Amino acid sequence: MKGIIEHDLSVLAGKQKLLHWQVRVDGLVQGVGFRPFVYRLAHELGVRGWVGSDAAGVVMDIYGSEAVLRELCGRLSREGPPLAQIASVTVAAEDWVSGDDVPKAFRIAESQSQGQSFMAVGADVATCSECLMELFDPANRRYRYPFTNCTNCGPRYTILLGLPYDRASTTMARFVMCEECRAEYEDPSNRRFHAQPNACPRCGPRLEWKNPQGEVESFGEEALMRAVRELRAGRVVAIKGLGGYHLAVDATLETAVMRLRERKMRDAKPFAVMVKDLATAEKICKVDEQARGALLSKGRPIVIMPKSDDVTLARSVAPGLDEVGIFLPYTPLHHLLMHEVDGPIVLTSGNLTDEPIVYKDDDAVERLGPLVDGILSNDREIYTRCDDSVMRATGGAGQLLRRSRGYAPEAVFLKRALARNVLALGGELKVTVSVGKDNRIYSSQHIGDLDHLAIEESYLMAINHMVELCGARPQVVVRDMHPQYRSSLIAERFGLEVVEVQHHHAHVASCLVEHGLEGPVVGLAMDGMGYGIDGGIWGGEVLVADLNGFKRKGHLMEVPFVSGDKASREPWRMALLWLYLLGGSDLVQEVGWQLDGRWQRMLSVLEQVVGQGHGGGLMRVTSSCGRLFDAVSALLGICANSTYEGQAAMLLEAAATREASRECKAYEIDVRDETGEVVIDPRPLLAQVLQDWRRGVVVGVIAASFHESLGQGLAKAAATVAEREGIDKVALTGGVFQNRRLSMIVRHALRREGLDVLEHRMVPANDGGLSVGQAAIGGTLR
Ligand code: ZN
Ligand code: ZN
Ligand code: FE
């Protein structure tokens with residue numbers, strides 16, 4: 001514990017006197033049952049005084065002997081409530097007081113609501129074990145009540161309208177607590193003391209079953225059992241959860257899952273599956289220790305894990321992939337539902353393609369009604385929509401691919417306070433917004449892809465909500481350098497200073513921040529596309545960066561970017577480009593027809609623009625690593641046209657992993673110096689991919705060799721820069737590092753060079769983490 005003043009024993013002269021400490025507790029200590037915990041502890045130890053909260057955290061005035069006060073402070077961190085995160089305990093002042101000045105008891109002081117700030121708001125938390133026991137205890141008054149919660153669990157962020165965080169400013173305001181609930185709420189020794197969403201069957205929200213036209217047909221237990229029957233019969237049901245509506249279907253019935261795919265118009269993108277308990281998860285998947293921890297954590301993310309040999313799940317749950325995303329029940333409703341259905345169900349965001357998750361009841365009927373056979377709803381309003389979070393085991397620690405429900409809007413703590421309050425707007429895809437203040441950055445839930453108009457409204461709401469909850473006006477707005485991103489245009493609306501941060505610089509900063517570092521570091525930023533300071537389309541960068549700036553020290557070889565926006569949806573175009581660079585028109589003519597029917601038109605573009613240089617000075621170049629994965633995936637016949645972002649690369653990784661037991665080759669990759677920059681040239685590598693493919697080598701083996709060789713090349717480039725610059729840390733960032741196989745290869749190679757490897761965990765490596773890095777940079781710069 002830092003900051004506790006060492007005590008001078010000579011002061012003990014005044015025998016009858018008691019020591020008085022003013023203590024400050026910093027961290028996530030509001031709205032998590034911290035004050036009642038202190039109250040109980042003080043009573044146990046016979047300490048007198050009071051505990052209260054202010055804008056920055058919890059404050060205590062405590063009176064007792066030095067030994068007891070020390071014991072109390074020590075136990076704060078060790079025994080605190082499950083949701084509390086203590087950053088520091090500091091004794092701000094101390095003196096000796098005589099008996100008369102000592103309070104007679106210990107009490108909880110009213111909080112200063114006007115001073116309350118964002119720290120009061122935690123993320124939504126999965127049902128705790130005590131509530132779960134009550135849920136299935138026939139003698140308990142909350143037996144089978146789907147909205148049971150307490151101070152240690154339940155909704156927070158999704159029901160919060162504004163500050164201060166009390167019942168009146170949540171969507172629970174319209175439910176008047178019954179006498180019993182009120183008594184729990186007011187009793188400091190009760191688990192439900194100041195649990196804002198506290199409710200019971202008598203006074204709280206209740207379930208409703210609606211037909212697809214929105215007419216309510218039954219309530220409560222009857223509604224629940226109706227949903228169960230429909231699911232068992234293979235029908236599609238919309239279910240209102242914490243942060244929005246899900247679409248659910250029996251995950252073991254091929255016909256049912258296909259029906260959902262057809263209705264949702266979703267071809268191949270994998271669905272998440274909810275299972276009853278850990279044992280079921282372990283039957284379906286290979287669950288290692290780390291994945292087990294993630295499955296059971298209070299955030300309850302969807303955890304992507306390798307499938308086992310079990311064939312319970314329908315094939316169309318995750319077509320072509322050897323992994324599947326599984327999560328456990330996180331609300332009492334889900335527990336009841338899974339208990340009754342007694343088999344895995346697909347539980348996917350209730351939305352139409354590219355639209356945000358539906359969270360309003362009217363919208364659910366209008367948009368989801370046509371897709372479903374019924375709706376299991378309830379009368380507790382969701383104020384902020386929030387998708388499920390997604391985590392993937394990467395061999396080291398788990399990595400959040402989507403940080404949303406269960407995590408947002410919790411803070412990332414910085415090593416040092418920001419110079420300015422900052423609002424960071426993220427990029428374009430998988431966008432989030434962050435606000436930064438003092439030594440904290442609060443990041444919003446996952447919002448979606450801003451290139452779809454329907455997402456923009458959700459985005460603007462999130463900005464307003466986050467700024468309001470932060471309780472401090474931003475002094476600076478940060479945006480991506482890309483001039484055409486919607487977020488870049490929106491940045492100008494605030495009438496504040498706007499700072500442009502380069503895309504990959506923000507990626508590297510987001511990784512630094514989550515490790516409590518400020519740099520400098522060598523950043524390997526590998527992703528799809530980001531706007532470079534030279535106007536090029538970057539995406540395979542070796543940067544030397546800290547929070548104040550960066551230098552580009554290397555990159556993947558730049559190639560003409562001829563297909564524009566089509567490139568990411570149509571990987572075959574990048575494959576043709578690389579073929580053209582390797583062997584000109586002849587090679588494209590030989591191979592092109594096997595990739596896509598439009599190959600000839602693409603060839604003539606390549607001949608004109610690349611061959612004859614007709615693109616001239618206007619021709620943009622790209623160093624994108626994501627597009628290189630696309631090219632190889634298409635070339636190997638794995639994915640020539642993709643239906644969701646990252647599909648080609650995911651399938652390529654899956655193919656490589658499938659052949660993991662076979663020996664892969666190390667292809668040659670050229671890492672060379674060009675006028676002070678390290679350039680990673682994948683042409684020799686691609687030539688060997690092509691050669692092996694022609695020889696009929698198993699595609700998965702080629703994919704594995706590609707991963708191995710590219711990983712070695714990237715590591716070599718980073719190590720070269722690290723040595724030159726005298727830096728011993730390398731950050732792996734950007735969406736490409738969601739690739740578990742590649743991460744592992746690069747990590748091991750860098751460690752062999754004696755370098756420290758920083759990887760993403762709680763802040764996504766993809767563009768979902770951008771706003772965190774932007775906030776750190778924008779708030780640091782003066
Ligand atoms: Zn609970
Ligand atoms: Zn009640
Ligand atoms: Fe990116």
# chains A, B, ... in the order shown; residues from 1 in each chain; ligands from 1
call {"tool": "residues_near_ligand", "arguments": {"ligand": "ligand 1", "cutoff": "6 Å", "atoms": "only C-alpha atoms and all ligand atoms", "output": "number ranges by chain"}}
result
A: 127-128, 130-131, 149-150, 152-153
call {"tool": "residues_around", "arguments": {"residues": "region 684-686 of chain A", "least_positions_apart": "2", "cutoff": "9 Å", "atoms": "only C-alpha atoms", "output": "list in words"}}
result
Trp578, Leu579, Leu582, Val632, Tyr667, Glu668, Ile669, Asp670, Asp681, Pro682, Gln688, Val689, Leu690, Gln691, Phe706, Ser709 and Leu710 of chain A
call {"tool": "write_last_selection", "arguments": {"atoms": "N, CA and C atoms", "output": "short mmCIF file (atom, residue, chain, number, x, y, z; two decimals), in the first residue's frame"}}
result
data_model
loop_
_atom_site.label_atom_id
_atom_site.label_comp_id
_atom_site.auth_asym_id
_atom_site.auth_seq_id
_atom_site.Cartn_x
_atom_site.Cartn_y
_atom_site.Cartn_z
N TRP A 578 -0.61 -9.07 -56.80
CA TRP A 578 0.67 -9.67 -56.42
C TRP A 578 1.18 -10.59 -57.54
N LEU A 579 0.27 -11.33 -58.18
CA LEU A 579 0.69 -12.18 -59.30
C LEU A 579 1.31 -11.32 -60.40
N LEU A 582 4.69 -10.29 -59.49
CA LEU A 582 5.64 -11.42 -59.51
C LEU A 582 6.00 -11.83 -60.93
N VAL A 632 -3.09 -14.04 -50.21
CA VAL A 632 -2.67 -15.43 -50.09
C VAL A 632 -3.89 -16.34 -49.93
N TYR A 667 9.70 -20.37 -45.76
CA TYR A 667 9.92 -19.72 -47.04
C TYR A 667 10.86 -18.54 -46.81
N GLU A 668 11.47 -18.14 -47.87
CA GLU A 668 12.37 -17.00 -47.76
C GLU A 668 11.56 -15.71 -47.79
N ILE A 669 11.94 -14.76 -46.93
CA ILE A 669 11.30 -13.45 -47.01
C ILE A 669 12.41 -12.41 -46.95
N ASP A 670 12.29 -11.37 -47.73
CA ASP A 670 13.37 -10.41 -47.88
C ASP A 670 13.13 -9.21 -46.96
N ASP A 681 9.86 -7.33 -47.84
CA ASP A 681 9.41 -7.61 -49.20
C ASP A 681 8.93 -9.06 -49.28
N PRO A 682 7.63 -9.26 -49.44
CA PRO A 682 7.10 -10.62 -49.40
C PRO A 682 7.15 -11.34 -50.75
N GLN A 688 7.21 -18.65 -53.51
CA GLN A 688 7.26 -20.02 -53.00
C GLN A 688 5.88 -20.57 -52.68
N VAL A 689 4.98 -19.67 -52.22
CA VAL A 689 3.60 -20.07 -52.01
C VAL A 689 3.03 -20.59 -53.34
N LEU A 690 3.28 -19.84 -54.39
CA LEU A 690 2.77 -20.19 -55.70
C LEU A 690 3.36 -21.51 -56.21
N GLN A 691 4.64 -21.64 -55.99
CA GLN A 691 5.33 -22.84 -56.43
C GLN A 691 4.78 -24.10 -55.74
N PHE A 706 3.35 -19.91 -44.76
CA PHE A 706 3.21 -18.47 -44.96
C PHE A 706 3.23 -17.74 -43.62
N SER A 709 6.78 -17.80 -42.06
CA SER A 709 7.79 -16.98 -42.72
C SER A 709 7.50 -15.50 -42.57
N LEU A 710 6.23 -15.14 -42.71
CA LEU A 710 5.89 -13.73 -42.53
C LEU A 710 6.19 -13.31 -41.09
#
call {"tool": "residues_near_ligand", "arguments": {"ligand": "ligand 3", "cutoff": "10 Å", "atoms": "only C-alpha atoms and all ligand atoms", "output": "NGL selection string"}}
result
:A and (426-430 or 503-507 or 525-531 or 538-539 or 624 or 626 or 733-736 or 765-770)
call {"tool": "atom_distance", "arguments": {"atom1": "CA of Ile375 (chain A)", "atom2": "CA of Arg405 (chain A)"}}
result
21.5 Å
call {"tool": "residues_around", "arguments": {"residues": "Glu366 (chain A)", "least_positions_apart": "3", "cutoff": "9 Å", "atoms": "only C-alpha atoms", "output": "number ranges by chain"}}
result
A: 212-214, 361-363, 369-370
call {"tool": "write_last_selection", "arguments": {"atoms": "N, CA, C and O atoms", "output": "mmCIF file, in the first residue's frame"}}
result
data_model
loop_
_atom_site.group_PDB
_atom_site.id
_atom_site.type_symbol
_atom_site.label_atom_id
_atom_site.label_comp_id
_atom_site.auth_asym_id
_atom_site.auth_seq_id
_atom_site.Cartn_x
_atom_site.Cartn_y
_atom_site.Cartn_z
ATOM 1 N N PRO A 212 -44.947 -11.995 -33.178
ATOM 2 C CA PRO A 212 -44.116 -11.164 -34.057
ATOM 3 C C PRO A 212 -44.749 -9.817 -34.398
ATOM 4 O O PRO A 212 -44.061 -8.889 -34.811
ATOM 5 N N GLN A 213 -46.063 -9.693 -34.207
ATOM 6 C CA GLN A 213 -46.721 -8.411 -34.459
ATOM 7 C C GLN A 213 -46.649 -7.488 -33.238
ATOM 8 O O GLN A 213 -47.129 -6.354 -33.284
ATOM 9 N N GLY A 214 -46.094 -7.982 -32.163
ATOM 10 C CA GLY A 214 -45.915 -7.136 -30.993
ATOM 11 C C GLY A 214 -47.034 -7.207 -29.977
ATOM 12 O O GLY A 214 -47.050 -6.428 -29.021
ATOM 13 N N ASP A 361 -38.014 -1.432 -27.499
ATOM 14 C CA ASP A 361 -39.068 -2.432 -27.668
ATOM 15 C C ASP A 361 -39.851 -2.255 -28.978
ATOM 16 O O ASP A 361 -40.183 -3.231 -29.648
ATOM 17 N N ASP A 362 -40.138 -1.002 -29.351
ATOM 18 C CA ASP A 362 -40.880 -0.760 -30.598
ATOM 19 C C ASP A 362 -40.078 -1.232 -31.805
ATOM 20 O O ASP A 362 -40.590 -1.853 -32.727
ATOM 21 N N ASP A 363 -38.787 -0.875 -31.751
ATOM 22 C CA ASP A 363 -37.873 -1.256 -32.818
ATOM 23 C C ASP A 363 -37.782 -2.766 -32.971
ATOM 24 O O ASP A 363 -37.663 -3.288 -34.077
ATOM 25 N N GLY A 369 -39.366 -8.375 -35.656
ATOM 26 C CA GLY A 369 -40.627 -9.105 -35.803
ATOM 27 C C GLY A 369 -40.664 -9.978 -37.047
ATOM 28 O O GLY A 369 -40.981 -11.175 -36.974
ATOM 29 N N PRO A 370 -40.330 -9.413 -38.215
ATOM 30 C CA PRO A 370 -40.382 -10.209 -39.443
ATOM 31 C C PRO A 370 -39.400 -11.385 -39.475
ATOM 32 O O PRO A 370 -39.532 -12.278 -40.307
#
call {"tool": "residues_near_ligand", "arguments": {"ligand": "ligand 2", "cutoff": "8 Å", "atoms": "only C-alpha atoms and all ligand atoms", "output": "PyMOL selection string"}}
result
chain A and resi 177-182+198-204
call {"tool": "write_last_selection", "arguments": {"atoms": "C-alpha atoms", "output": "mmCIF file, in the first residue's frame"}}
result
data_model
loop_
_atom_site.group_PDB
_atom_site.id
_atom_site.type_symbol
_atom_site.label_atom_id
_atom_site.label_comp_id
_atom_site.auth_asym_id
_atom_site.auth_seq_id
_atom_site.Cartn_x
_atom_site.Cartn_y
_atom_site.Cartn_z
ATOM 1 C CA MET A 177 -39.549 -0.600 -4.417
ATOM 2 C CA CYS A 178 -41.821 -2.651 -2.175
ATOM 3 C CA GLU A 179 -41.259 -2.523 1.589
ATOM 4 C CA GLU A 180 -39.016 -5.539 1.673
ATOM 5 C CA CYS A 181 -36.829 -4.306 -1.190
ATOM 6 C CA ARG A 182 -36.676 -0.824 0.337
ATOM 7 C CA ASN A 198 -32.875 -3.808 -6.707
ATOM 8 C CA ALA A 199 -36.205 -5.498 -7.428
ATOM 9 C CA CYS A 200 -38.369 -8.515 -6.677
ATOM 10 C CA PRO A 201 -41.362 -10.232 -8.282
ATOM 11 C CA ARG A 202 -43.684 -7.949 -6.327
ATOM 12 C CA CYS A 203 -42.252 -4.616 -7.367
ATOM 13 C CA GLY A 204 -39.862 -5.104 -10.274
#
call {"tool": "closest_residue", "arguments": {"among": "A:Arg191, A:Lys551, A:Arg380, A:Arg70", "to": "Thr170 (chain A)", "atoms": "only C-alpha atoms"}}
result
A:Arg380
call {"tool": "residues_around", "arguments": {"residues": "Pro483 (chain A)", "least_positions_apart": "6", "cutoff": "10 Å", "atoms": "only C-alpha atoms", "output": "VMD selection string"}}
result
chain A and resid 489 500 531 535
call {"tool": "residues_around", "arguments": {"residues": "Val477 (chain A)", "least_positions_apart": "4", "cutoff": "12 Å", "atoms": "only C-alpha atoms", "output": "PyMOL selection string"}}
result
chain A and resi 420-426+433-436+463+467+473+487-501+771+774-779+781
call {"tool": "select_by_dssp", "arguments": {"residues": "region 278-511 of chain A", "states": "alpha helix (DSSP H)", "output": "ChimeraX atom specification"}}
result
/A:278-284,289-296,332-341,361-363,453-470,486-491,503-511
call {"tool": "residues_around", "arguments": {"residues": "Ala195 (chain A)", "least_positions_apart": "6", "cutoff": "10 Å", "atoms": "only C-alpha atoms", "output": "mmCIF file with N, CA, C and O atoms, in the first residue's frame"}}
result
data_model
loop_
_atom_site.group_PDB
_atom_site.id
_atom_site.type_symbol
_atom_site.label_atom_id
_atom_site.label_comp_id
_atom_site.auth_asym_id
_atom_site.auth_seq_id
_atom_site.Cartn_x
_atom_site.Cartn_y
_atom_site.Cartn_z
ATOM 1 N N GLY A 31 -20.389 2.671 -6.089
ATOM 2 C CA GLY A 31 -21.436 1.852 -6.702
ATOM 3 C C GLY A 31 -21.092 0.367 -6.702
ATOM 4 O O GLY A 31 -21.661 -0.403 -7.454
ATOM 5 N N VAL A 32 -20.135 -0.025 -5.872
ATOM 6 C CA VAL A 32 -19.738 -1.436 -5.846
ATOM 7 C C VAL A 32 -19.830 -2.016 -4.438
ATOM 8 O O VAL A 32 -19.300 -3.080 -4.159
ATOM 9 N N GLY A 33 -20.491 -1.280 -3.520
ATOM 10 C CA GLY A 33 -20.641 -1.792 -2.160
ATOM 11 C C GLY A 33 -19.428 -1.551 -1.295
ATOM 12 O O GLY A 33 -19.198 -2.264 -0.323
ATOM 13 N N ASN A 149 -30.866 -9.107 -8.672
ATOM 14 C CA ASN A 149 -29.505 -8.548 -8.705
ATOM 15 C C ASN A 149 -29.141 -8.059 -7.314
ATOM 16 O O ASN A 149 -29.980 -8.059 -6.411
ATOM 17 N N CYS A 150 -27.905 -7.639 -7.143
ATOM 18 C CA CYS A 150 -27.480 -7.057 -5.867
ATOM 19 C C CYS A 150 -26.320 -6.107 -6.128
ATOM 20 O O CYS A 150 -25.994 -5.837 -7.282
ATOM 21 N N THR A 151 -25.687 -5.622 -5.060
ATOM 22 C CA THR A 151 -24.588 -4.666 -5.249
ATOM 23 C C THR A 151 -23.416 -5.302 -5.997
ATOM 24 O O THR A 151 -22.618 -4.617 -6.613
ATOM 25 N N ASN A 152 -23.329 -6.618 -5.935
ATOM 26 C CA ASN A 152 -22.200 -7.287 -6.579
ATOM 27 C C ASN A 152 -22.481 -7.724 -8.015
ATOM 28 O O ASN A 152 -21.619 -8.290 -8.672
ATOM 29 N N CYS A 153 -23.705 -7.521 -8.476
ATOM 30 C CA CYS A 153 -24.014 -7.977 -9.825
ATOM 31 C C CYS A 153 -25.204 -7.212 -10.405
ATOM 32 O O CYS A 153 -25.875 -6.481 -9.694
ATOM 33 N N GLY A 154 -25.428 -7.414 -11.692
ATOM 34 C CA GLY A 154 -26.601 -6.813 -12.317
ATOM 35 C C GLY A 154 -26.273 -5.700 -13.296
ATOM 36 O O GLY A 154 -25.108 -5.425 -13.568
ATOM 37 N N PRO A 155 -27.305 -5.064 -13.836
ATOM 38 C CA PRO A 155 -27.096 -4.013 -14.836
ATOM 39 C C PRO A 155 -26.552 -2.741 -14.208
ATOM 40 O O PRO A 155 -26.834 -2.446 -13.050
ATOM 41 N N ARG A 156 -25.754 -1.995 -14.920
ATOM 42 C CA ARG A 156 -25.250 -0.689 -14.490
ATOM 43 C C ARG A 156 -25.333 0.281 -15.676
ATOM 44 O O ARG A 156 -26.251 1.041 -15.806
ATOM 45 N N ASP A 166 -27.863 7.021 -8.993
ATOM 46 C CA ASP A 166 -28.810 6.500 -8.016
ATOM 47 C C ASP A 166 -30.048 6.048 -8.785
ATOM 48 O O ASP A 166 -30.132 6.213 -9.990
ATOM 49 N N ARG A 167 -31.010 5.487 -8.070
ATOM 50 C CA ARG A 167 -32.118 4.839 -8.753
ATOM 51 C C ARG A 167 -32.883 5.795 -9.675
ATOM 52 O O ARG A 167 -33.343 5.421 -10.743
ATOM 53 N N CYS A 181 -37.968 -4.748 -0.368
ATOM 54 C CA CYS A 181 -36.829 -4.306 -1.190
ATOM 55 C C CYS A 181 -36.234 -3.021 -0.628
ATOM 56 O O CYS A 181 -35.019 -2.854 -0.553
ATOM 57 N N GLU A 184 -34.046 -3.689 2.347
ATOM 58 C CA GLU A 184 -32.729 -4.200 1.939
ATOM 59 C C GLU A 184 -31.847 -3.050 1.441
ATOM 60 O O GLU A 184 -30.666 -2.950 1.766
ATOM 61 N N TYR A 185 -32.470 -2.206 0.656
ATOM 62 C CA TYR A 185 -31.763 -1.103 0.003
ATOM 63 C C TYR A 185 -31.181 -0.130 1.020
ATOM 64 O O TYR A 185 -30.153 0.497 0.783
ATOM 65 N N GLU A 186 -31.852 -0.013 2.180
ATOM 66 C CA GLU A 186 -31.421 0.984 3.163
ATOM 67 C C GLU A 186 -30.562 0.407 4.282
ATOM 68 O O GLU A 186 -30.084 1.139 5.128
#
call {"tool": "residues_around", "arguments": {"residues": "Ala87 (chain A)", "least_positions_apart": "5", "cutoff": "9 Å", "atoms": "only C-alpha atoms", "output": "list in words"}}
result
Val25, Asp26, Gly27, Leu28 and Phe413 of chain A
call {"tool": "write_last_selection", "arguments": {"atoms": "C-alpha atoms", "output": "PDB file, in the first residue's frame"}}
result
ATOM      1  CA  VAL A  25      -9.235   5.530  -1.429  1.00  0.00           C
ATOM      2  CA  ASP A  26      -8.803   5.902  -5.157  1.00  0.00           C
ATOM      3  CA  GLY A  27     -10.015   3.603  -7.917  1.00  0.00           C
ATOM      4  CA  LEU A  28     -13.279   1.942  -8.869  1.00  0.00           C
ATOM      5  CA  PHE A 413      -5.596   3.778 -15.763  1.00  0.00           C
TER       6      PHE A 413
END
call {"tool": "closest_residue", "arguments": {"among": "A:Leu132, A:Val609, A:Val522, A:Trp693", "to": "Ile638 (chain A)", "atoms": "only C-alpha atoms"}}
result
A:Trp693
call {"tool": "select_by_dssp", "arguments": {"residues": "region 92-165 of chain A", "states": "strand (DSSP E)", "output": "number ranges by chain"}}
result
A: 92-97, 106-108
call {"tool": "atom_distance", "arguments": {"atom1": "CA of Trp96 (chain A)", "atom2": "CA of Leu19 (chain A)"}}
result
4.7 Å
call {"tool": "closest_residue", "arguments": {"among": "A:Pro764, A:Gly99, A:Gly243, A:Pro571", "to": "Pro356 (chain A)", "atoms": "only C-alpha atoms"}}
result
A:Gly243
call {"tool": "closest_residue", "arguments": {"among": "A:Met225, A:Ala92, A:Leu83, A:Val257", "to": "Glu340 (chain A)", "atoms": "only C-alpha atoms"}}
result
A:Met225
call {"tool": "closest_residue", "arguments": {"among": "A:Arg694, A:Arg229, A:Arg24, A:Arg402", "to": "Val249 (chain A)", "atoms": "only C-alpha atoms"}}
result
A:Arg229
call {"tool": "closest_residue", "arguments": {"among": "A:Glu607, A:Asp630, A:Gln600, A:Leu547", "to": "Ser568 (chain A)", "atoms": "only C-alpha atoms"}}
result
A:Asp630
